[in-house]
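Below is the file final-v3.cif, which contains mmCIF, C-alpha atoms and all ligand atoms.
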```cif
data_my_file
loop_
_atom_site.label_atom_id
_atom_site.label_comp_id
_atom_site.auth_asym_id
_atom_site.auth_seq_id
_atom_site.Cartn_x
_atom_site.Cartn_y
_atom_site.Cartn_z
CA MET A 108 56.60 62.97 46.26
CA ASN A 109 53.53 65.16 45.67
CA PRO A 110 51.07 65.73 48.49
CA VAL A 111 48.08 63.42 47.98
CA ASP A 112 45.15 65.84 47.85
CA TYR A 113 43.08 64.58 44.92
CA LEU A 114 40.25 62.05 45.23
CA ARG A 115 38.56 60.43 42.24
CA ILE A 116 35.10 59.34 43.29
CA SER A 117 33.12 56.78 41.32
CA ILE A 118 29.49 57.63 42.05
CA ILE A 119 28.11 54.70 40.02
CA ASP A 120 29.75 51.65 38.47
CA ARG A 121 27.18 51.22 35.68
CA CYS A 122 27.54 52.65 32.22
CA ASN A 123 25.39 53.26 29.15
CA PHE A 124 28.37 52.43 26.90
CA ARG A 125 30.47 49.33 26.71
CA CYS A 126 33.77 50.61 25.44
CA GLN A 127 35.92 47.81 24.08
CA TYR A 128 38.99 48.84 26.05
CA CYS A 129 37.14 49.35 29.31
CA MET A 130 34.86 46.33 29.63
CA PRO A 131 35.44 42.68 28.79
CA GLU A 132 33.42 41.40 25.84
CA GLY A 133 30.69 38.82 26.31
CA THR A 134 30.93 38.76 30.10
CA ASP A 135 28.29 39.98 32.47
CA LEU A 136 29.84 42.52 34.80
CA GLN A 137 29.01 42.15 38.45
CA TYR A 138 27.46 45.51 39.26
CA VAL A 139 27.30 46.85 42.78
CA LEU A 140 23.74 46.60 44.13
CA GLN A 141 22.13 50.02 44.46
CA GLN A 142 21.73 49.47 48.20
CA ASP A 143 25.52 49.17 48.41
CA TRP A 144 26.25 52.49 46.70
CA LEU A 145 27.44 55.15 49.06
CA THR A 146 24.38 57.31 49.57
CA GLN A 147 24.67 61.02 48.98
CA ALA A 148 24.67 61.59 52.76
CA GLU A 149 27.38 58.95 53.35
CA LEU A 150 29.52 60.38 50.58
CA LEU A 151 29.19 63.88 51.99
CA THR A 152 30.04 62.68 55.50
CA LEU A 153 33.16 60.95 54.20
CA ILE A 154 34.30 63.99 52.23
CA ARG A 155 33.64 66.50 55.01
CA GLU A 156 34.65 64.47 58.05
CA VAL A 157 37.31 62.14 56.68
CA PHE A 158 38.86 63.21 53.39
CA ILE A 159 39.08 66.97 53.91
CA PRO A 160 40.63 66.58 57.40
CA CYS A 161 43.12 64.15 55.83
CA GLY A 162 44.21 66.81 53.31
CA PHE A 163 42.06 66.12 50.23
CA THR A 164 40.75 69.30 48.61
CA ARG A 165 40.29 68.38 44.95
CA PHE A 166 37.57 65.98 43.84
CA ARG A 167 36.61 64.36 40.54
CA LEU A 168 33.32 62.56 39.99
CA THR A 169 33.56 59.61 37.64
CA GLY A 170 32.18 56.11 37.14
CA GLY A 171 30.96 54.09 35.31
CA GLU A 172 29.04 56.92 33.79
CA PRO A 173 28.46 59.57 36.46
CA LEU A 174 25.56 61.20 34.59
CA LEU A 175 23.53 58.00 35.12
CA ARG A 176 23.39 58.66 38.83
CA PRO A 177 19.96 60.28 39.39
CA ASP A 178 21.19 62.70 42.06
CA VAL A 179 24.37 63.73 40.25
CA VAL A 180 23.55 67.47 40.17
CA GLU A 181 22.73 67.48 43.90
CA ILE A 182 25.99 65.67 44.66
CA VAL A 183 27.91 68.29 42.67
CA GLU A 184 26.13 71.11 44.48
CA ALA A 185 26.81 69.64 47.91
CA ILE A 186 30.53 69.03 47.31
CA ALA A 187 31.02 72.39 45.56
CA SER A 188 29.50 74.25 48.49
CA LEU A 189 31.96 72.83 51.05
CA PRO A 190 34.32 75.69 51.95
CA ASP A 191 37.41 73.45 51.67
CA THR A 192 36.67 72.21 48.15
CA ARG A 193 39.37 73.75 45.97
CA ASP A 194 38.44 71.95 42.75
CA LEU A 195 35.53 69.82 41.55
CA SER A 196 35.58 68.14 38.15
CA MET A 197 33.91 65.25 36.32
CA THR A 198 34.84 62.65 33.71
CA THR A 199 31.93 61.65 31.46
CA ASN A 200 31.18 60.03 28.11
CA ALA A 201 28.90 63.07 27.43
CA PHE A 202 26.02 61.00 26.00
CA LEU A 203 23.59 62.60 28.48
CA LEU A 204 25.47 65.87 28.83
CA ALA A 205 23.62 68.19 26.46
CA ASP A 206 20.63 68.45 28.82
CA LYS A 207 22.70 68.57 32.00
CA ALA A 208 25.64 70.83 31.18
CA GLN A 209 23.98 74.05 32.36
CA ASP A 210 22.68 72.48 35.61
CA LEU A 211 26.11 71.08 36.39
CA LYS A 212 27.73 74.43 35.75
CA ASP A 213 25.17 76.20 37.94
CA ALA A 214 25.68 73.60 40.69
CA GLY A 215 29.36 74.52 40.87
CA LEU A 216 31.16 71.95 38.71
CA LYS A 217 34.40 73.60 37.61
CA ARG A 218 35.87 71.33 34.96
CA LEU A 219 34.87 68.52 32.61
CA ASN A 220 36.86 65.75 30.94
CA ILE A 221 35.00 64.02 28.13
CA SER A 222 35.96 60.74 26.50
CA LEU A 223 35.98 60.93 22.70
CA ASP A 224 37.83 58.17 20.87
CA SER A 225 36.67 58.85 17.34
CA LEU A 226 35.21 61.53 15.10
CA ASP A 227 33.64 58.96 12.83
CA PRO A 228 30.18 57.80 13.98
CA GLU A 229 30.65 54.21 12.82
CA THR A 230 34.05 53.77 14.41
CA PHE A 231 32.71 55.47 17.51
CA ASP A 232 29.80 53.03 17.79
CA THR A 233 32.16 50.10 17.24
CA ILE A 234 34.34 51.31 20.10
CA ILE A 235 31.45 51.85 22.51
CA GLY A 236 29.87 48.50 21.57
CA TYR A 237 26.69 50.02 20.11
CA GLN A 238 24.98 48.23 17.21
CA GLY A 239 23.11 51.32 16.07
CA ARG A 240 19.37 51.82 15.93
CA PHE A 241 17.36 52.15 12.73
CA THR A 242 14.68 54.80 12.30
CA GLN A 243 11.43 54.02 10.45
CA ASP A 244 13.04 55.35 7.26
CA GLY A 245 15.83 52.82 7.62
CA ILE A 246 18.42 55.39 8.67
CA ARG A 247 21.00 54.13 11.11
CA LYS A 248 21.19 56.25 14.25
CA SER A 249 24.58 56.52 15.87
CA ARG A 250 25.32 57.70 19.39
CA TRP A 251 28.11 59.98 18.21
CA PRO A 252 25.87 63.02 17.48
CA ASP A 253 24.53 63.02 21.06
CA VAL A 254 28.06 62.93 22.42
CA TRP A 255 29.13 65.73 20.09
CA ALA A 256 26.09 67.76 21.18
CA GLY A 257 27.16 67.18 24.79
CA ILE A 258 30.66 68.47 24.02
CA GLN A 259 29.25 71.54 22.27
CA ALA A 260 26.88 72.20 25.19
CA ALA A 261 29.76 71.96 27.65
CA ALA A 262 31.75 74.49 25.66
CA THR A 263 28.73 76.79 25.28
CA VAL A 264 27.94 76.93 29.00
CA GLY A 265 31.56 77.83 29.68
CA PHE A 266 33.40 74.70 30.81
CA ASN A 267 36.92 75.83 30.23
CA PRO A 268 39.38 74.17 30.01
CA LEU A 269 37.50 71.39 28.25
CA LYS A 270 39.56 68.22 28.12
CA LEU A 271 38.89 65.40 25.66
CA ASN A 272 40.28 61.97 26.57
CA VAL A 273 41.31 59.59 23.79
CA VAL A 274 42.46 55.98 24.03
CA ILE A 275 44.06 54.77 20.79
CA ILE A 276 43.65 51.08 19.94
CA PRO A 277 45.73 49.71 17.06
CA GLY A 278 43.60 48.82 14.03
CA ILE A 279 40.49 50.48 15.44
CA ASN A 280 41.06 54.24 15.75
CA ASP A 281 44.80 54.70 15.20
CA HIS A 282 44.04 56.22 11.77
CA GLU A 283 42.36 59.17 13.53
CA VAL A 284 45.28 60.44 15.60
CA LEU A 285 45.81 63.51 13.40
CA ASP A 286 42.08 64.30 13.12
CA LEU A 287 41.70 64.18 16.88
CA ALA A 288 44.85 66.26 17.42
CA ALA A 289 43.51 68.80 14.88
CA LEU A 290 40.62 69.60 17.26
CA THR A 291 43.10 71.72 19.20
CA LEU A 292 43.96 73.93 16.20
CA ASP A 293 40.94 76.25 16.31
CA GLN A 294 39.48 75.56 19.73
CA GLU A 295 40.91 76.03 23.16
CA TRP A 296 40.38 72.35 23.89
CA HIS A 297 42.88 69.99 25.45
CA VAL A 298 43.07 66.63 23.75
CA ARG A 299 44.73 64.02 25.95
CA PHE A 300 45.93 60.70 24.62
CA ILE A 301 45.86 58.03 27.35
CA GLU A 302 47.89 54.90 26.70
CA PHE A 303 45.73 51.78 26.58
CA MET A 304 46.21 49.73 29.75
CA PRO A 305 45.51 46.03 30.31
CA ILE A 306 42.69 46.88 32.68
CA GLY A 307 39.15 45.93 31.74
CA ASN A 308 39.65 43.99 28.53
CA GLY A 309 42.90 42.06 28.77
CA ASP A 310 42.02 39.96 25.68
CA LEU A 311 41.70 43.04 23.47
CA PHE A 312 44.96 44.34 24.90
CA GLY A 313 46.62 41.00 24.15
CA ASP A 314 45.21 40.88 20.57
CA ARG A 315 45.73 44.50 19.56
CA GLY A 316 48.57 45.75 21.72
CA TRP A 317 48.93 49.43 22.46
CA VAL A 318 50.57 52.53 21.00
CA ASP A 319 53.03 54.47 23.11
CA SER A 320 52.77 58.25 23.45
CA GLU A 321 56.04 58.95 21.64
CA THR A 322 54.78 57.14 18.51
CA LEU A 323 51.66 59.32 18.56
CA ARG A 324 53.72 62.47 19.12
CA GLN A 325 55.98 61.60 16.19
CA GLN A 326 52.98 61.36 13.84
CA ILE A 327 51.79 64.77 15.01
CA ARG A 328 55.30 66.27 14.88
CA ASP A 329 55.75 65.04 11.30
CA ARG A 330 52.50 66.78 10.27
CA TRP A 331 52.63 70.11 12.12
CA GLY A 332 55.65 70.20 14.43
CA LEU A 333 55.24 70.13 18.19
CA THR A 334 56.50 72.36 20.98
CA ASP A 335 58.53 70.81 23.78
CA GLY A 336 56.62 68.91 26.39
CA GLN A 337 56.19 70.24 29.87
CA VAL A 338 54.57 68.90 32.96
CA VAL A 339 51.87 71.30 34.07
CA GLY A 340 50.74 71.24 37.68
CA SER A 341 51.00 67.94 39.44
CA GLY A 342 48.86 65.85 37.09
CA PRO A 343 50.19 62.91 35.09
CA ALA A 344 49.94 64.44 31.58
CA ASP A 345 52.92 65.74 29.62
CA ILE A 346 51.67 68.78 27.74
CA PHE A 347 52.64 69.70 24.15
CA GLN A 348 51.24 72.09 21.59
CA ILE A 349 51.03 72.29 17.82
CA PRO A 350 52.66 75.65 16.95
CA GLY A 351 49.94 78.30 16.68
CA ALA A 352 47.17 76.02 17.98
CA LYS A 353 44.66 77.38 20.49
CA GLY A 354 44.48 74.20 22.55
CA THR A 355 47.07 71.72 23.81
CA LEU A 356 47.88 68.04 23.51
CA GLY A 357 48.39 65.95 26.62
CA PHE A 358 49.96 62.50 26.79
CA ILE A 359 49.33 60.22 29.71
CA SER A 360 51.97 57.55 29.43
CA GLN A 361 51.38 55.25 32.33
CA MET A 362 52.51 52.24 30.25
CA SER A 363 55.69 53.62 28.72
CA GLU A 364 56.82 55.80 31.62
CA CYS A 365 56.55 55.51 35.36
CA PHE A 366 55.02 58.60 36.89
CA CYS A 367 54.24 57.01 40.24
CA ASP A 368 56.49 59.59 41.91
CA ARG A 369 54.11 62.30 40.63
CA CYS A 370 50.99 60.50 41.86
CA ASN A 371 48.75 62.76 43.92
CA ARG A 372 45.51 60.77 44.04
CA MET A 373 43.43 58.03 45.54
CA ARG A 374 40.22 56.44 44.26
CA LEU A 375 36.93 55.81 46.02
CA SER A 376 34.62 53.24 44.42
CA ALA A 377 30.82 53.53 44.27
CA ASP A 378 30.55 50.98 47.09
CA GLY A 379 33.01 52.81 49.30
CA TRP A 380 36.36 51.05 48.75
CA LEU A 381 39.30 53.41 48.96
CA ARG A 382 42.19 52.41 46.70
CA PRO A 383 45.57 54.11 47.05
CA CYS A 384 46.82 53.01 43.61
CA LEU A 385 45.13 52.15 40.32
CA LEU A 386 47.52 49.28 39.69
CA ASN A 387 47.41 47.78 43.14
CA GLU A 388 44.51 45.69 44.31
CA SER A 389 46.13 44.37 47.45
CA ARG A 390 45.67 47.29 49.81
CA GLN A 391 42.28 48.97 50.09
CA ILE A 392 39.78 49.78 52.82
CA ASN A 393 36.00 49.72 52.82
CA LEU A 394 34.82 53.02 54.27
CA ARG A 395 31.13 52.34 53.63
CA GLU A 396 31.19 49.29 55.84
CA GLY A 397 32.97 51.27 58.54
CA LEU A 398 30.32 53.99 58.38
CA ARG A 399 27.40 51.56 58.40
CA GLN A 400 28.86 49.61 61.32
CA GLY A 401 29.00 52.86 63.28
CA MET A 402 32.78 53.08 63.43
CA PRO A 403 33.80 56.47 64.87
CA LEU A 404 34.89 59.01 62.28
CA TRP A 405 38.29 59.47 63.97
CA ASP A 406 38.90 55.76 63.39
CA LEU A 407 38.08 56.09 59.67
CA ARG A 408 40.36 59.14 59.50
CA SER A 409 43.23 57.23 61.05
CA GLN A 410 42.74 54.34 58.57
CA VAL A 411 42.91 56.82 55.68
CA ARG A 412 46.02 58.48 57.17
CA GLN A 413 47.62 55.05 57.48
CA LEU A 414 46.90 54.38 53.79
CA LEU A 415 48.36 57.78 52.89
CA GLU A 416 51.54 56.87 54.74
CA GLU A 417 51.79 53.56 52.95
CA LYS A 418 51.02 55.01 49.53
CA PRO A 419 54.55 55.78 48.28
CA GLU A 420 55.58 52.21 48.85
CA ILE A 421 52.36 50.77 47.40
CA ASN A 422 52.75 52.88 44.23
CA PHE A 423 56.13 51.50 43.32
CA LYS A 424 55.70 47.98 44.60
CA GLU A 425 53.01 46.96 42.15
CA ARG A 426 54.20 48.93 39.17
CA ASP A 427 55.74 46.03 37.24
CA ALA A 428 52.72 43.83 37.68
CA GLY A 429 50.72 46.73 36.28
CA THR A 430 52.29 46.65 32.84
CA THR A 431 51.96 42.93 32.34
CA GLY A 432 49.34 41.65 34.70
CA ARG A 433 45.58 41.48 34.58
CA TYR A 434 43.20 43.08 37.00
CA SER A 435 39.97 41.78 38.38
CA ARG A 436 38.16 45.11 38.30
CA THR A 437 37.58 47.35 35.28
CA MET A 438 38.19 51.11 35.16
CA SER A 439 34.41 51.55 35.24
CA GLN A 440 34.29 49.66 38.53
CA ILE A 441 37.34 51.28 40.11
CA GLY A 442 36.49 54.80 39.04
CA GLY A 443 38.82 55.67 36.17
N1 LIG B 501 32.35 56.96 31.67
C1 LIG B 501 33.21 58.06 31.81
C2 LIG B 501 34.09 58.25 30.61
O1 LIG B 501 34.20 57.32 29.79
O2 LIG B 501 34.65 59.33 30.47
C3 LIG B 501 34.06 58.02 33.08
C4 LIG B 501 34.65 56.71 33.48
S1 LIG B 501 35.88 56.04 32.41
C5 LIG B 501 36.31 54.55 33.26
C6 LIG B 501 37.24 57.13 32.73
C7 LIG B 501 38.39 57.07 31.76
O3 LIG B 501 39.01 55.80 31.83
C8 LIG B 501 38.00 57.27 30.29
O4 LIG B 501 38.66 58.41 29.78
C9 LIG B 501 38.49 56.03 29.61
O5 LIG B 501 38.98 56.32 28.34
C10 LIG B 501 39.55 55.52 30.55
N2 LIG B 501 39.80 54.08 30.43
C11 LIG B 501 38.95 53.06 30.66
N3 LIG B 501 39.56 51.87 30.45
C12 LIG B 501 40.82 52.14 30.04
C13 LIG B 501 41.94 51.34 29.67
N4 LIG B 501 41.87 50.02 29.64
N5 LIG B 501 43.08 51.97 29.33
C14 LIG B 501 43.16 53.34 29.36
N6 LIG B 501 42.15 54.14 29.71
C15 LIG B 501 40.99 53.55 30.04
FE1 LIG B 502 31.59 53.53 30.13
FE2 LIG B 502 33.55 55.29 30.38
FE3 LIG B 502 34.07 52.66 30.47
FE4 LIG B 502 33.32 53.73 28.17
S1 LIG B 502 35.20 54.22 29.32
S2 LIG B 502 32.50 51.82 29.08
S3 LIG B 502 31.94 55.28 28.80
S4 LIG B 502 32.91 53.79 31.93
#
```
Using C-alpha cells, write down the structure from this file.
Ligand code: SAM
Ligand code: SF4
Amino acid sequence: MNPVDYLRISIIDRCNFRCQYCMPEGTDLQYVLQQDWLTQAELLTLIREVFIPCGFTRFRLTGGEPLLRPDVVEIVEAIASLPDTRDLSMTTNAFLLADKAQDLKDAGLKRLNISLDSLDPETFDTIIGYQGRFTQDGIRKSRWPDVWAGIQAAATVGFNPLKLNVVIIPGINDHEVLDLAALTLDQEWHVRFIEFMPIGNGDLFGDRGWVDSETLRQQIRDRWGLTDGQVVGSGPADIFQIPGAKGTLGFISQMSECFCDRCNRMRLSADGWLRPCLLNESRQINLREGLRQGMPLWDLRSQVRQLLEEKPEINFKERDAGTTGRYSRTMSQIGG
C-alpha cells in the first residue's frame, strides 16, 4: 500500500462548462452556497494544521472549475509558500487560463492538467454542452479556441510536464483517439486517456457505454507501435510512448483494472467534506463544520488519522459497486 500523501482539493463546485460525462443533462445541480465554501483562511488552517501533520505533502486544486474561484491565485501562493508543500498542481478546463497562466506560475503552481476531449471545435462544444454564440456577421463562436489558447499559454510560461486529460465516449469523440494521441509526437505533452466512469451522468454511461484502455492502446499500436507500459511514480496512470515521440501516453483504467492498492490520495470538497475514496460515499467527515464549531485541531487531526487507517479497507470494499453503481455526487462536486 502506498503512503497516502496526496490531497485533491475542490476549491469550487461550480463550472463554466457542462461536460456530458461529468454532469447529468437537464437537471439542476445543487451547488454549495458560497457561505459554505471553505474560506481561504479555513483551507490554509486545515492544510497547515491538519493535513501536513497527518503526512500530506502534495496538493492538487480542482473543482468544478478552479479558475472560477476569485481568489485562486492567492490560494496557490499561500499553499506553495508552506515549507512542507512538496508539490502543488491544478486540474482545469483551461477556458480562463490564457490570462491567468503567468500569474499561477509566478504564484508557485508547479504542474497543470488540462481537460481536452476533442480537437474539433464542434465536437468540443457538443461535449461541453455549449450551443455556440453567433457574432454580428453570423459566425459561430466556439469555446475551443479559448481553451487551445489556454493550453498554449500554459506551455509558453513553462508548465512542464503539461498533461492533457481525455475521456473517450463512444460515438462522440472515439474517432479522435489517434489525433489526440498524435499531440505527443512533436510536443513534450502527456496525453492521458481516462476511462469513462458512471459518475455524474449515469444515463449517458448506460446509453453509450465506455471504451477500455486496451482498446485505445490497440488503435494507437496499430498506427505507430507503442512501447511497453510502465507505472511511473505512485500515480494511477500506466505510461506508454509512441516510438520517437517527444511526449507520452497515459492510461487511467479505473474501470477495467483495479488500482486501489496503488491509491495514494484523498479528496476534500469545496464545502469541507473529506472523502477517502472516489467510489465510496459511505465514509466521509466534514472538516468545515468541525472548524466552525470550534473543535480543537488535535481532534480534527485524529479524525483524519482514523480515516487514513480505515482507507485500505474502504478502497477495496466499495470497488465492485463502483463499476456498476450510480453515485449521488458528480466529479465536479467531489473534486475530480
Ligand atoms: N474542471 C476541471 C477539468 O475539467 O479539468 C477540473 C474538474 S474535472 C471534474 C476533473 C477531471 O474529471 C477531468 O479531467 C474530467 O475529464 C474528469 N471526469 C469528470 N467526470 C468524469 C467521468 N464520469 N468519468 C471519467 N472522468 C471524469
Ligand atoms: Fe466542468 Fe471539468 Fe466537469 Fe467539464 S469535467 S463539467 S470542465 S468540472
Exercise for review: Would you mind listing the residues within 9 Å of ligand LIG 502 (chain B), counting only C-alpha atoms and all ligand atoms, as a ChimeraX atom specification?
Suggested key: /A:120-130,169-173,198-202,222,234-236,307,437-440,442-443
Point to revise | Spatial neighbours of Arg193 in chain A, max dist 8 Å, all atoms listed in the file, sep filter under 2 positions, as JSON, numbers by chain | key: {"A": [164, 165, 191, 195]}
Could you please take those selected residues and save C-alpha atoms as an mmCIF file, in the coordinates of the input?
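Final file, result10.cif:
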```
data_model
loop_
_atom_site.group_PDB
_atom_site.id
_atom_site.type_symbol
_atom_site.label_atom_id
_atom_site.label_comp_id
_atom_site.auth_asym_id
_atom_site.auth_seq_id
_atom_site.Cartn_x
_atom_site.Cartn_y
_atom_site.Cartn_z
ATOM 1 C CA THR A 164 40.750 69.300 48.610
ATOM 2 C CA ARG A 165 40.290 68.380 44.950
ATOM 3 C CA ASP A 191 37.410 73.450 51.670
ATOM 4 C CA LEU A 195 35.530 69.820 41.550
#
```
Practice item. Please identify all polymer residues within 9 Å of Ala288 in chain A, counting only C-alpha atoms, omitting same-chain residues fewer than 4 positions from it, and present them as a count of residues only. Key: 9
Point to revise | Within-12 Å shell of (33.1, 58.8, 55.6) in input frame, all atoms listed in the file, as a VMD selection string | key: chain A and resid 145 to 161 375 378 to 381 392 to 411
**Study point:** Atom-to-atom span, CA of Lys212 in chain A and CA of Pro252 in chain A, Å
**Key:**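 CA of Pro252 in chain A lies at a distance of 21.6 Å from CA of Lys212 in chain A.
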**Study point:** atom N2 of ligand LIG 501 (chain B) to CA of Gln137 in chain A, straight-line distance in Å
**Key:**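 Spanning CA of Gln137 in chain A to atom N2 of ligand LIG 501 (chain B) is a straight-line distance of 18.0 Å.
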Revision key, fill the gap. In terms of all atoms listed in the file, the residue from A:Arg167, A:Arg176, A:His282, A:Arg330 at minimal distance from Met373 in chain A is A:Arg167
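Proximity ranking of A:Arg240, A:Lys270, A:Lys207, A:Arg247 relative to ligand LIG 501 (chain B) places A:Lys270 first, based on all atoms listed in the file.
Distances to ligand LIG 501 (chain B) were evaluated for A:Pro228, A:Gly215, A:Gly313, A:Gly162 using all atoms listed in the file, and the minimum falls at A:Gly313.
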Output as lines of an AutoDock Vina configuration file the centre and edge lengths (Å, one decimal) of the box along x, y and z of the file that holds every listed atom of range 182-188 of chain A after adding 5 Å on each side.
```
center_x = 28.5
center_y = 70.0
center_z = 45.6
size_x = 15.0
size_y = 18.6
size_z = 15.8
```
Point to revise | Expected answer as a ChimeraX atom specification: all residues with atoms within 9 Å of (52.2, 68.4, 13.4), all atoms listed in the file | key: /A:285,288-289,324-333,349-350
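We find CA of Glu229 in chain A and CA of Ala262 in chain A to be spaced 24.0 Å apart.
Minimum distance to Ala205 in chain A across A:Phe358, A:Phe303, A:Tyr138, A:Trp255 (counting only C-alpha atoms) occurs at A:Trp255.
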Review point. In terms of the shortest atom-to-atom distance over all atoms listed in the file, which of A:Ala377, A:Leu287, A:Ile306, A:Ile118 is closest to ligand LIG 501 (chain B)?
Key: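 Between A:Ala377, A:Leu287, A:Ile306, A:Ile118, the residue approaching ligand LIG 501 (chain B) most closely is A:Ile306.
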Review point. Taking only C-alpha atoms and all ligand atoms into account, which of A:Gln209, A:Asn220, A:Thr230, A:Gln141 comes nearest ligand LIG 501 (chain B)?
Key: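 Among A:Gln209, A:Asn220, A:Thr230, A:Gln141, it is A:Asn220 that comes nearest to ligand LIG 501 (chain B).
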